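**Q** Pasting coords-v4.tsv below, which is TSV, C-alpha atoms.
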chain	number	residue	atom	x	y	z
A	1	MET	CA	46.68	-123.36	37.05
A	2	ARG	CA	44.12	-125.72	35.52
A	3	ILE	CA	46.19	-128.34	33.72
A	4	VAL	CA	45.18	-131.29	31.56
A	5	VAL	CA	47.90	-133.91	31.08
A	6	VAL	CA	47.37	-136.05	27.96
A	7	THR	CA	49.63	-139.09	27.88
A	8	GLU	CA	50.12	-141.98	25.47
A	9	SER	CA	50.93	-144.27	28.44
A	10	PHE	CA	49.63	-144.49	32.00
A	11	LEU	CA	49.02	-146.95	34.80
A	12	PRO	CA	48.88	-149.92	34.93
A	13	THR	CA	51.44	-149.89	32.07
A	14	LEU	CA	54.93	-149.30	33.48
A	15	ASN	CA	57.57	-147.48	31.44
A	16	GLY	CA	59.49	-144.21	31.44
A	17	VAL	CA	56.57	-142.13	30.16
A	18	THR	CA	54.20	-143.50	32.82
A	19	THR	CA	56.73	-142.94	35.61
A	20	SER	CA	57.45	-139.33	34.69
A	21	VAL	CA	53.76	-138.50	34.18
A	22	CYS	CA	52.83	-139.97	37.58
A	23	ARG	CA	55.54	-138.02	39.38
A	24	VAL	CA	54.63	-134.77	37.61
A	25	VAL	CA	50.92	-135.20	38.32
A	26	GLU	CA	51.64	-135.91	41.99
A	27	CYS	CA	53.88	-132.85	42.33
A	28	LEU	CA	51.53	-130.52	40.45
A	29	ALA	CA	48.64	-131.56	42.68
A	30	ALA	CA	50.79	-131.13	45.80
A	31	GLN	CA	51.73	-127.62	44.65
A	32	GLY	CA	48.05	-126.66	44.46
A	33	HIS	CA	47.38	-126.91	40.73
A	34	ARG	CA	44.12	-128.43	39.45
A	35	VAL	CA	45.13	-131.38	37.30
A	36	SER	CA	43.28	-133.88	35.12
A	37	VAL	CA	44.75	-136.80	33.16
A	38	VAL	CA	43.64	-138.15	29.77
A	39	CYS	CA	45.07	-141.57	28.86
A	40	PRO	CA	44.25	-144.86	27.09
A	41	ARG	CA	42.13	-147.54	28.72
A	42	PRO	CA	42.53	-149.47	30.95
A	43	ALA	CA	43.43	-146.97	33.66
A	44	PRO	CA	42.53	-146.16	37.27
A	45	ALA	CA	39.73	-143.67	37.89
A	46	GLU	CA	42.13	-141.40	39.76
A	47	HIS	CA	45.77	-141.08	40.74
A	48	ALA	CA	46.98	-139.15	43.79
A	49	GLY	CA	43.55	-137.56	44.03
A	50	VAL	CA	43.69	-136.42	40.40
A	51	PRO	CA	40.80	-137.49	38.12
A	52	VAL	CA	41.76	-139.75	35.21
A	53	HIS	CA	39.74	-139.74	31.97
A	54	ALA	CA	40.41	-143.00	30.11
A	55	VAL	CA	39.60	-143.04	26.39
A	56	PRO	CA	39.05	-146.09	24.13
A	57	SER	CA	42.23	-147.88	23.05
A	58	LEU	CA	43.56	-150.70	20.90
A	59	PRO	CA	46.53	-152.94	21.78
A	60	VAL	CA	49.65	-152.31	19.67
A	61	ARG	CA	52.66	-154.51	20.51
A	62	ALA	CA	51.03	-155.23	23.90
A	63	PHE	CA	50.63	-151.50	24.63
A	64	PRO	CA	47.17	-149.91	24.92
A	65	THR	CA	47.16	-147.17	22.28
A	66	GLY	CA	44.58	-144.45	22.77
A	67	LEU	CA	42.24	-143.82	19.86
A	68	PRO	CA	42.13	-140.20	18.66
A	69	SER	CA	38.40	-139.84	19.34
A	70	GLY	CA	36.24	-136.87	20.25
A	71	ALA	CA	36.60	-137.84	23.91
A	72	VAL	CA	39.74	-135.69	24.08
A	73	ARG	CA	37.85	-132.62	22.88
A	74	ASP	CA	35.06	-133.32	25.36
A	75	VAL	CA	37.48	-133.30	28.29
A	76	LEU	CA	39.19	-130.10	27.14
A	77	GLU	CA	35.88	-128.32	26.69
A	78	GLU	CA	34.64	-129.50	30.08
A	79	VAL	CA	37.79	-128.64	32.05
A	80	ALA	CA	38.73	-125.46	30.11
A	81	PRO	CA	42.40	-125.74	31.15
A	82	ASP	CA	44.92	-122.91	31.26
A	83	VAL	CA	47.45	-125.22	29.60
A	84	VAL	CA	47.59	-128.73	28.15
A	85	HIS	CA	50.64	-130.91	28.80
A	86	VAL	CA	51.02	-133.64	26.15
A	87	ALA	CA	53.44	-136.43	27.09
A	88	SER	CA	55.25	-138.16	24.24
A	89	PRO	CA	52.57	-137.31	21.62
A	90	PHE	CA	52.08	-139.66	18.71
A	91	VAL	CA	48.43	-140.76	18.32
A	92	LEU	CA	46.30	-139.66	21.27
A	93	GLY	CA	48.62	-136.73	21.88
A	94	ALA	CA	48.43	-135.67	18.24
A	95	ARG	CA	44.64	-135.40	18.53
A	96	ALA	CA	45.02	-133.40	21.74
A	97	LEU	CA	47.38	-130.92	20.09
A	98	ARG	CA	45.01	-130.46	17.14
A	99	GLU	CA	42.22	-129.72	19.61
A	100	THR	CA	44.33	-127.24	21.59
A	101	ALA	CA	45.14	-125.42	18.35
A	102	ARG	CA	41.44	-125.33	17.41
A	103	LEU	CA	40.33	-124.20	20.88
A	104	GLY	CA	43.17	-121.72	21.37
A	105	ILE	CA	44.49	-123.45	24.52
A	106	PRO	CA	48.25	-123.09	25.27
A	107	SER	CA	50.07	-126.40	24.93
A	108	VAL	CA	53.37	-127.98	25.93
A	109	ALA	CA	54.51	-131.19	24.22
A	110	VAL	CA	57.15	-133.35	25.93
A	111	TYR	CA	59.36	-135.25	23.48
A	112	GLN	CA	60.35	-138.44	25.25
A	113	THR	CA	60.31	-141.40	22.84
A	114	ASP	CA	62.65	-141.54	19.85
A	115	MET	CA	60.15	-143.29	17.59
A	116	PRO	CA	62.02	-142.49	14.33
A	117	SER	CA	65.13	-144.31	15.55
A	118	TYR	CA	63.10	-147.25	16.83
A	119	LEU	CA	61.45	-147.66	13.42
A	120	ALA	CA	64.82	-147.54	11.68
A	121	GLN	CA	66.12	-150.18	14.07
A	122	HIS	CA	63.17	-152.57	13.63
A	123	ALA	CA	63.30	-152.42	9.82
A	124	PRO	CA	66.94	-152.05	8.74
A	125	GLY	CA	67.88	-150.85	5.27
A	126	PRO	CA	65.81	-148.69	2.91
A	127	VAL	CA	62.52	-149.74	4.52
A	128	GLY	CA	63.67	-148.65	7.94
A	129	ALA	CA	65.17	-145.42	6.63
A	130	GLY	CA	61.92	-144.59	4.86
A	131	ALA	CA	59.88	-145.36	7.98
A	132	SER	CA	62.19	-143.17	10.05
A	133	GLN	CA	61.88	-140.27	7.64
A	134	ALA	CA	58.09	-140.61	7.65
A	135	ALA	CA	58.11	-140.64	11.45
A	136	TRP	CA	60.17	-137.45	11.55
A	137	ARG	CA	57.68	-135.77	9.23
A	138	TRP	CA	54.93	-136.80	11.65
A	139	VAL	CA	56.91	-135.62	14.68
A	140	ARG	CA	57.56	-132.26	13.00
A	141	ARG	CA	53.89	-131.89	12.12
A	142	VAL	CA	52.60	-132.90	15.58
A	143	HIS	CA	55.10	-130.86	17.60
A	144	GLY	CA	54.61	-127.92	15.28
A	145	LEU	CA	51.10	-127.66	16.73
A	146	ALA	CA	52.47	-127.18	20.25
A	147	ASP	CA	53.33	-123.77	21.61
A	148	LEU	CA	56.44	-125.27	23.19
A	149	THR	CA	58.25	-128.61	22.91
A	150	LEU	CA	60.35	-129.81	25.84
A	151	ALA	CA	63.32	-132.12	25.24
A	152	PRO	CA	65.10	-133.98	28.06
A	153	SER	CA	68.71	-133.71	26.87
A	154	ARG	CA	71.03	-131.53	24.82
A	155	GLN	CA	71.48	-134.14	22.11
A	156	THR	CA	67.71	-134.55	21.74
A	157	MET	CA	67.29	-130.79	21.42
A	158	SER	CA	69.89	-130.75	18.65
A	159	GLU	CA	68.16	-133.61	16.86
A	160	LEU	CA	64.77	-131.90	17.03
A	161	ALA	CA	66.27	-128.69	15.66
A	162	ALA	CA	67.95	-130.61	12.84
A	163	HIS	CA	64.55	-132.00	11.82
A	164	GLY	CA	62.80	-128.66	11.88
A	165	VAL	CA	60.87	-128.88	15.15
A	166	PRO	CA	60.33	-125.27	16.35
A	167	ARG	CA	60.09	-123.65	19.78
A	168	THR	CA	62.05	-126.08	21.94
A	169	ALA	CA	63.41	-125.88	25.47
A	170	ARG	CA	65.25	-128.31	27.72
A	171	TRP	CA	63.50	-129.97	30.65
A	172	GLY	CA	65.02	-132.93	32.50
A	173	ARG	CA	63.59	-135.37	35.02
A	174	GLY	CA	63.67	-135.67	38.76
A	175	VAL	CA	64.62	-138.64	40.90
A	176	ASP	CA	63.43	-139.77	44.32
A	177	ALA	CA	66.72	-139.71	46.21
A	178	ARG	CA	65.00	-140.83	49.41
A	179	LEU	CA	63.61	-143.99	47.83
A	180	PHE	CA	66.74	-144.78	45.81
A	181	HIS	CA	69.47	-144.58	48.45
A	182	PRO	CA	72.81	-146.33	49.20
A	183	GLY	CA	71.59	-147.01	52.73
A	184	ARG	CA	69.35	-149.76	51.39
A	185	ARG	CA	72.34	-152.03	50.83
A	186	ALA	CA	72.43	-152.98	54.51
A	187	ALA	CA	68.91	-154.43	54.27
A	188	VAL	CA	69.68	-156.69	51.29
A	189	THR	CA	72.92	-158.26	52.55
A	190	ALA	CA	71.43	-161.77	52.68
A	191	ALA	CA	70.01	-161.49	49.17
A	192	ARG	CA	73.37	-160.22	47.85
A	193	ARG	CA	75.14	-163.18	49.47
A	194	GLU	CA	72.68	-165.56	47.83
A	195	LEU	CA	73.22	-164.02	44.39
A	196	ALA	CA	77.02	-163.81	44.80
A	197	PRO	CA	78.08	-166.67	47.12
A	198	ASP	CA	81.70	-166.43	46.01
A	199	GLY	CA	81.89	-162.65	46.26
A	200	GLU	CA	81.05	-161.96	42.64
A	201	VAL	CA	80.56	-158.34	41.60
A	202	LEU	CA	76.88	-157.90	40.78
A	203	VAL	CA	76.39	-156.01	37.52
A	204	GLY	CA	72.81	-154.97	36.80
A	205	TYR	CA	70.55	-153.78	34.02
A	206	VAL	CA	67.17	-152.22	34.84
A	207	GLY	CA	64.62	-151.48	32.15
A	208	ARG	CA	62.17	-152.78	29.63
A	209	LEU	CA	63.23	-155.95	27.81
A	210	ALA	CA	62.50	-154.89	24.23
A	211	PRO	CA	64.42	-154.78	20.93
A	212	GLU	CA	64.98	-151.01	21.07
A	213	LYS	CA	67.00	-151.44	24.29
A	214	GLU	CA	69.76	-153.27	22.33
A	215	LEU	CA	70.08	-155.99	24.94
A	216	ASP	CA	72.46	-158.00	22.76
A	217	ARG	CA	75.18	-155.79	24.24
A	218	LEU	CA	74.65	-157.61	27.55
A	219	ALA	CA	76.04	-160.84	26.12
A	220	ALA	CA	79.65	-159.66	26.45
A	221	VAL	CA	78.92	-158.10	29.84
A	222	ALA	CA	77.58	-161.43	31.16
A	223	ARG	CA	80.92	-163.06	30.32
A	224	VAL	CA	83.10	-160.68	32.37
A	225	PRO	CA	85.01	-162.87	34.90
A	226	GLY	CA	84.19	-162.41	38.55
A	227	THR	CA	80.70	-161.05	37.94
A	228	ARG	CA	77.09	-162.08	37.87
A	229	LEU	CA	74.60	-160.24	35.72
A	230	VAL	CA	71.27	-159.23	37.31
A	231	VAL	CA	68.46	-158.22	34.94
A	232	VAL	CA	65.49	-156.28	36.35
A	233	GLY	CA	62.50	-155.76	34.06
A	234	ASP	CA	60.19	-157.49	31.64
A	235	GLY	CA	58.95	-157.14	28.11
A	236	PRO	CA	58.51	-158.83	24.73
A	237	ASP	CA	62.23	-159.66	24.41
A	238	ARG	CA	62.57	-161.47	27.74
A	239	ALA	CA	62.60	-165.05	26.42
A	240	ARG	CA	65.07	-164.20	23.66
A	241	THR	CA	67.31	-162.31	26.10
A	242	GLU	CA	67.29	-165.19	28.60
A	243	THR	CA	68.39	-167.60	25.85
A	244	LEU	CA	71.01	-165.20	24.50
A	245	LEU	CA	72.63	-164.61	27.89
A	246	ALA	CA	72.51	-168.26	28.93
A	247	GLU	CA	74.35	-169.20	25.74
A	248	ALA	CA	76.87	-166.40	26.25
A	249	VAL	CA	77.70	-167.56	29.77
A	250	ALA	CA	77.85	-171.23	28.75
A	251	SER	CA	80.49	-170.43	26.12
A	252	ALA	CA	82.59	-168.17	28.37
A	253	PRO	CA	86.25	-169.24	28.24
A	254	GLY	CA	88.37	-170.05	31.27
A	255	ARG	CA	86.78	-169.71	34.69
A	256	ALA	CA	83.05	-170.40	34.74
A	257	VAL	CA	80.71	-167.42	35.09
A	258	ARG	CA	77.50	-167.75	37.05
A	259	PRO	CA	74.33	-167.65	34.92
A	260	PRO	CA	72.45	-164.34	34.83
A	261	VAL	CA	69.45	-163.94	37.11
A	262	PHE	CA	66.18	-162.33	35.92
A	263	LEU	CA	64.19	-160.64	38.68
A	264	GLY	CA	61.26	-159.49	36.55
A	265	ALA	CA	59.52	-156.12	36.63
A	266	ARG	CA	59.71	-154.19	39.90
A	267	SER	CA	58.48	-150.84	41.11
A	268	GLY	CA	58.56	-148.72	44.26
A	269	GLU	CA	60.36	-150.22	47.26
A	270	ALA	CA	61.04	-153.49	45.43
A	271	LEU	CA	62.76	-151.61	42.60
A	272	ALA	CA	64.87	-149.60	45.03
A	273	ASP	CA	65.91	-152.86	46.73
A	274	ALA	CA	66.91	-154.28	43.34
A	275	TYR	CA	69.30	-151.37	42.76
A	276	ALA	CA	70.67	-151.91	46.27
A	277	LEU	CA	71.69	-155.45	45.28
A	278	LEU	CA	74.07	-154.16	42.62
A	279	ASP	CA	77.70	-153.04	42.53
A	280	VAL	CA	77.73	-151.66	38.96
A	281	PHE	CA	74.88	-150.43	36.77
A	282	VAL	CA	75.03	-150.98	33.01
A	283	HIS	CA	72.83	-149.34	30.39
A	284	THR	CA	72.68	-150.67	26.82
A	285	GLY	CA	70.49	-148.46	24.62
A	286	THR	CA	71.95	-145.91	22.19
A	287	ARG	CA	68.61	-144.28	21.35
A	288	GLU	CA	67.57	-142.97	24.75
A	289	THR	CA	66.34	-139.39	24.86
A	290	PHE	CA	67.13	-139.32	28.60
A	291	GLY	CA	67.70	-142.44	30.73
A	292	GLN	CA	65.80	-142.29	34.01
A	293	THR	CA	67.28	-145.57	35.27
A	294	LEU	CA	70.74	-143.96	35.15
A	295	GLN	CA	69.56	-141.31	37.62
A	296	GLU	CA	68.03	-143.96	39.86
A	297	ALA	CA	71.31	-145.89	39.79
A	298	HIS	CA	73.28	-142.77	40.70
A	299	ALA	CA	70.88	-142.04	43.57
A	300	SER	CA	71.45	-145.63	44.76
A	301	GLY	CA	75.20	-144.95	44.91
A	302	LEU	CA	76.19	-146.98	41.84
A	303	PRO	CA	78.76	-146.23	39.16
A	304	VAL	CA	77.08	-146.21	35.74
A	305	VAL	CA	78.38	-147.61	32.46
A	306	ALA	CA	76.51	-146.50	29.34
A	307	PRO	CA	77.01	-145.82	25.62
A	308	ALA	CA	78.24	-142.31	24.83
A	309	ARG	CA	75.17	-141.31	22.87
A	310	GLY	CA	71.84	-139.63	23.63
A	311	GLY	CA	70.65	-138.95	27.15
A	312	PRO	CA	73.59	-140.61	28.98
A	313	LEU	CA	75.89	-137.84	27.70
A	314	ASP	CA	74.06	-135.45	30.07
A	315	LEU	CA	73.83	-137.89	32.98
A	316	VAL	CA	77.22	-139.64	33.20
A	317	ASP	CA	80.33	-137.60	33.96
A	318	HIS	CA	82.92	-139.87	32.33
A	319	GLY	CA	85.64	-140.86	34.79
A	320	ARG	CA	83.85	-139.28	37.77
A	321	THR	CA	80.34	-140.79	38.13
A	322	GLY	CA	80.80	-143.64	35.66
A	323	LEU	CA	82.15	-144.57	32.26
A	324	LEU	CA	80.88	-143.83	28.76
A	325	ALA	CA	81.57	-146.55	26.18
A	326	ASP	CA	81.94	-146.27	22.41
A	327	PRO	CA	78.40	-146.85	21.09
A	328	ASP	CA	79.74	-148.19	17.78
A	329	ARG	CA	81.81	-150.89	19.49
A	330	PRO	CA	79.46	-153.15	21.49
A	331	ALA	CA	82.40	-154.89	23.18
A	332	ASP	CA	83.52	-151.56	24.66
A	333	LEU	CA	80.62	-151.69	27.13
A	334	ALA	CA	81.92	-154.95	28.62
A	335	ALA	CA	85.48	-153.60	28.71
A	336	ALA	CA	84.30	-150.59	30.72
A	337	VAL	CA	82.43	-152.87	33.13
A	338	ALA	CA	85.52	-155.07	33.52
A	339	SER	CA	87.65	-152.05	34.46
A	340	LEU	CA	85.25	-151.22	37.30
A	341	VAL	CA	84.99	-154.84	38.41
A	342	ALA	CA	88.75	-154.86	38.90
A	343	ASP	CA	88.84	-151.66	40.96
A	344	ALA	CA	86.61	-151.62	44.06
A	345	PRO	CA	87.87	-148.24	45.37
A	346	LEU	CA	87.07	-146.65	41.99
A	347	ARG	CA	83.57	-148.11	42.11
A	348	GLU	CA	83.04	-146.61	45.55
A	349	ARG	CA	84.34	-143.16	44.52
A	350	MET	CA	82.18	-143.08	41.42
A	351	GLY	CA	79.16	-144.27	43.39
A	352	ARG	CA	79.56	-141.44	45.90
A	353	ALA	CA	80.03	-138.88	43.12
A	354	GLY	CA	76.98	-140.19	41.27
A	355	ARG	CA	74.86	-139.89	44.41
A	356	ALA	CA	76.03	-136.32	44.97
A	357	SER	CA	75.22	-135.42	41.35
A	358	VAL	CA	71.49	-136.17	41.70
A	359	GLU	CA	70.71	-135.31	45.34
A	360	GLY	CA	69.29	-131.91	44.37
A	361	ARG	CA	67.40	-133.15	41.32
A	362	THR	CA	64.03	-133.60	43.03
A	363	TRP	CA	60.71	-134.11	41.27
A	364	ALA	CA	59.34	-131.09	43.14
A	365	GLY	CA	62.14	-128.95	41.73
A	366	VAL	CA	61.81	-130.07	38.12
A	367	THR	CA	58.02	-129.74	38.36
A	368	ALA	CA	58.40	-126.12	39.47
A	369	GLU	CA	60.63	-125.66	36.41
A	370	LEU	CA	57.91	-127.30	34.31
A	371	VAL	CA	55.35	-124.76	35.54
A	372	SER	CA	57.64	-121.97	34.29
A	373	HIS	CA	57.58	-123.66	30.88
A	374	TYR	CA	53.77	-123.72	31.08
A	375	GLU	CA	53.82	-119.98	31.73
A	376	ASN	CA	56.13	-119.49	28.76
A	377	ALA	CA	53.72	-121.46	26.54
A	378	VAL	CA	50.83	-119.27	27.73
A	379	GLU	CA	52.84	-116.18	26.79
A	380	ILE	CA	53.75	-117.62	23.36
A	381	ARG	CA	50.06	-118.33	22.74
A	382	ARG	CA	49.11	-114.82	23.89
A	383	ARG	CA	51.62	-113.22	21.52
A	384	SER	CA	50.37	-115.32	18.64
A	385	ARG	CA	46.90	-113.81	19.14
A	386	THR	CA	48.17	-110.23	19.01
A	387	PRO	CA	47.20	-108.59	15.69
A	388	GLY	CA	50.16	-108.28	13.37
A	389	SER	CA	52.38	-110.52	15.48
A	390	ARG	CA	54.03	-113.78	14.45
A	391	ARG	CA	54.31	-116.85	16.66
A	392	ALA	CA	57.74	-116.89	18.26
A	393	ALA	CA	60.06	-119.56	16.84
Represent the structure of the file as structure tokens.

**A**
Amino acid sequence: MRIVVVTESFLPTLNGVTTSVCRVVECLAAQGHRVSVVCPRPAPAEHAGVPVHAVPSLPVRAFPTGLPSGAVRDVLEEVAPDVVHVASPFVLGARALRETARLGIPSVAVYQTDMPSYLAQHAPGPVGAGASQAAWRWVRRVHGLADLTLAPSRQTMSELAAHGVPRTARWGRGVDARLFHPGRRAAVTAARRELAPDGEVLVGYVGRLAPEKELDRLAAVARVPGTRLVVVGDGPDRARTETLLAEAVASAPGRAVRPPVFLGARSGEALADAYALLDVFVHTGTRETFGQTLQEAHASGLPVVAPARGGPLDLVDHGRTGLLADPDRPADLAAAVASLVADAPLRERMGRAGRASVEGRTWAGVTAELVSHYENAVEIRRRSRTPGSRRAA
């Protein structure tokens, strides 16, 4: 197939959208499809041999946001794709979906960022509620232009349906189980000893350091006796999070707790080594549509602790591969971590079960599934052109 992938985020920006787009593009190209990428500037000229068309952008909260210019239409008319894949559409993606509707090109929109919830979180009260409602109207309008919308989890599919988004299907994410592997622990023994000289259990968070990640929940986790918190990632909330966690540890009662360590943003082999340092993985956000870091932690052989809301409900088998905490009781996250800290055999059993749960979830496999969704979108578009027919809902 000829495929154009339009994404709101791409290299060199690192986040969940960029990661999934890169893996999908790589797998599509490897499977023989002809792929092009449209993304905001700055961007590389190509990725994995795939041409990248960078369009003008403006910085919004340190993110390059693609301008909805005619450059998108120009690429679509030049490439004449069989299908357009729009990743996390909001601005650039919205323009792409309008153009696909105008040109009659089948389209698949991937819902990945819960923008309505983020807006409600950043502006609490009536202002936030109003902004969230406006965002849902925009999401419904934009995704209504797509022939098919893909959601990464059951809860996200239910939420989209509740807000009137039509024609949805579920599509998850893959994980590189060769890169993220328990065998890496042997190579980081010295680094683990340096971080935990008294045998502390290393509890880690991996992800963007931003308000929507609800990092305040880490304060109680950092105070769990016998542990040291390891934070991997960067973002606009890093300075505030460093201060918050330092104060939390300084005020810990009883036995002193070692101060948290911030390792910064990592990718590739360095990221896999960071997971290998850990004994327990903790996730804080309650607004995740999926949670790719949870899969990476499982692949690395770690038990996962996460709030019982959103994407983690599909990824964590409570009591078998990790623990799900009450999302409305922030202290419950730390209590779940403490229960694992106190039980090394349980950590090991959950780590093995987590690894087994993702070993077959390869990017090649989920990309093949994605191509079947492309074919479905092509069929939906074909039926919509048939005289007297109605677009399938």

**Q** Between atom CA of A:Gly285 and atom CA of A:Arg309, what is the distance in Å, rounded to a tenth?

**A**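 According to the coordinates, atom CA of A:Gly285 and atom CA of A:Arg309 are separated by 8.7 Å.
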
**Q** Take every atom of stretch 140-144 of chain A listed in the file, fit an axis-aligned box around them, add 3 Å per side, and give the centre and edge lengths in Å to one decimal as lines of an AutoDock Vina configuration file.

**A**
center_x = 55.1
center_y = -130.4
center_z = 14.9
size_x = 11.0
size_y = 11.0
size_z = 11.5

**Q** In terms of the shortest atom-to-atom distance over only C-alpha atoms, which of A:Glu99, A:Gly125, A:Val341, A:Ile3 is closest to A:Asp82?

**A**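 Closest to A:Asp82, using only C-alpha atoms: A:Ile3.
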
**Q** Just to confirm, what's the straight-line distance from atom CA of A:Leu323 to atom CA of A:Thr227 in Å (one decimal)?

**A**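 That distance, rounded to one decimal, is 17.5 Å.
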
**Q** For A:Thr289, which residue out of A:Thr367, A:Thr149, A:Ser267, A:Gln155 is the nearest one, using all atoms listed in the file?

**A**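 Checking each candidate against A:Thr289, we get A:Gln155 as the closest.
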
**Q** Counting all atoms listed in the file, which residues of stretch 268-326 of chain A fall within 12 Å of stretch 108-118 of chain A, and what is the closest atom pair for each with its distance in Å at one decimal, ordered by chain and rising number, as a Markdown table?

**A**
| residue | atom | partner | partner_atom | distance |
| --- | --- | --- | --- | --- |
| A:Gly285 | CA | A:Tyr118 | CA | 10.8 |
| A:Thr286 | CA | A:Ser117 | CA | 9.7 |
| A:Arg287 | CA | A:Asp114 | CA | 6.7 |
| A:Glu288 | CA | A:Asp114 | CA | 7.1 |
| A:Thr289 | CA | A:Gln112 | CA | 6.1 |
| A:Phe290 | CA | A:Gln112 | CA | 7.6 |
| A:Gly291 | CA | A:Gln112 | CA | 10.0 |
| A:Gln292 | CA | A:Gln112 | CA | 11.0 |
| A:Gly310 | CA | A:Asp114 | CA | 10.1 |
| A:Gly311 | CA | A:Gln112 | CA | 10.5 |

**Q** Report, in Å to a single decimal, how far apart atom CA of A:Arg217 and atom CA of A:Gly351 are.

**A**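 Going from atom CA of A:Gly351 over to atom CA of A:Arg217 covers 22.7 Å.
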
**Q** From the options A:Val224, A:Pro182, A:Glu242, A:Gly268, which residue's atoms come nearest to A:His298, counting all atoms listed in the file?

**A** A:Pro182

**Q** With distances taken over all atoms listed in the file, which of A:Thr321, A:Thr293, A:Ser153, A:Ser57 is nearest to A:Asn15?

**A**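 The answer is A:Thr293, which sits nearest to A:Asn15.
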
**Q** Of the candidates A:Ala338, A:Ala177, A:Val304, A:His143, which one gets nearest to A:Val165 if we count only C-alpha atoms?

**A**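 Closest to A:Val165, using only C-alpha atoms: A:His143.
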
**Q** Find, counting all atoms listed in the file, the residue in A:Val6, A:Val21, A:Ala162, A:Leu195 that gets nearest to A:Ala96.

**A** A:Val6
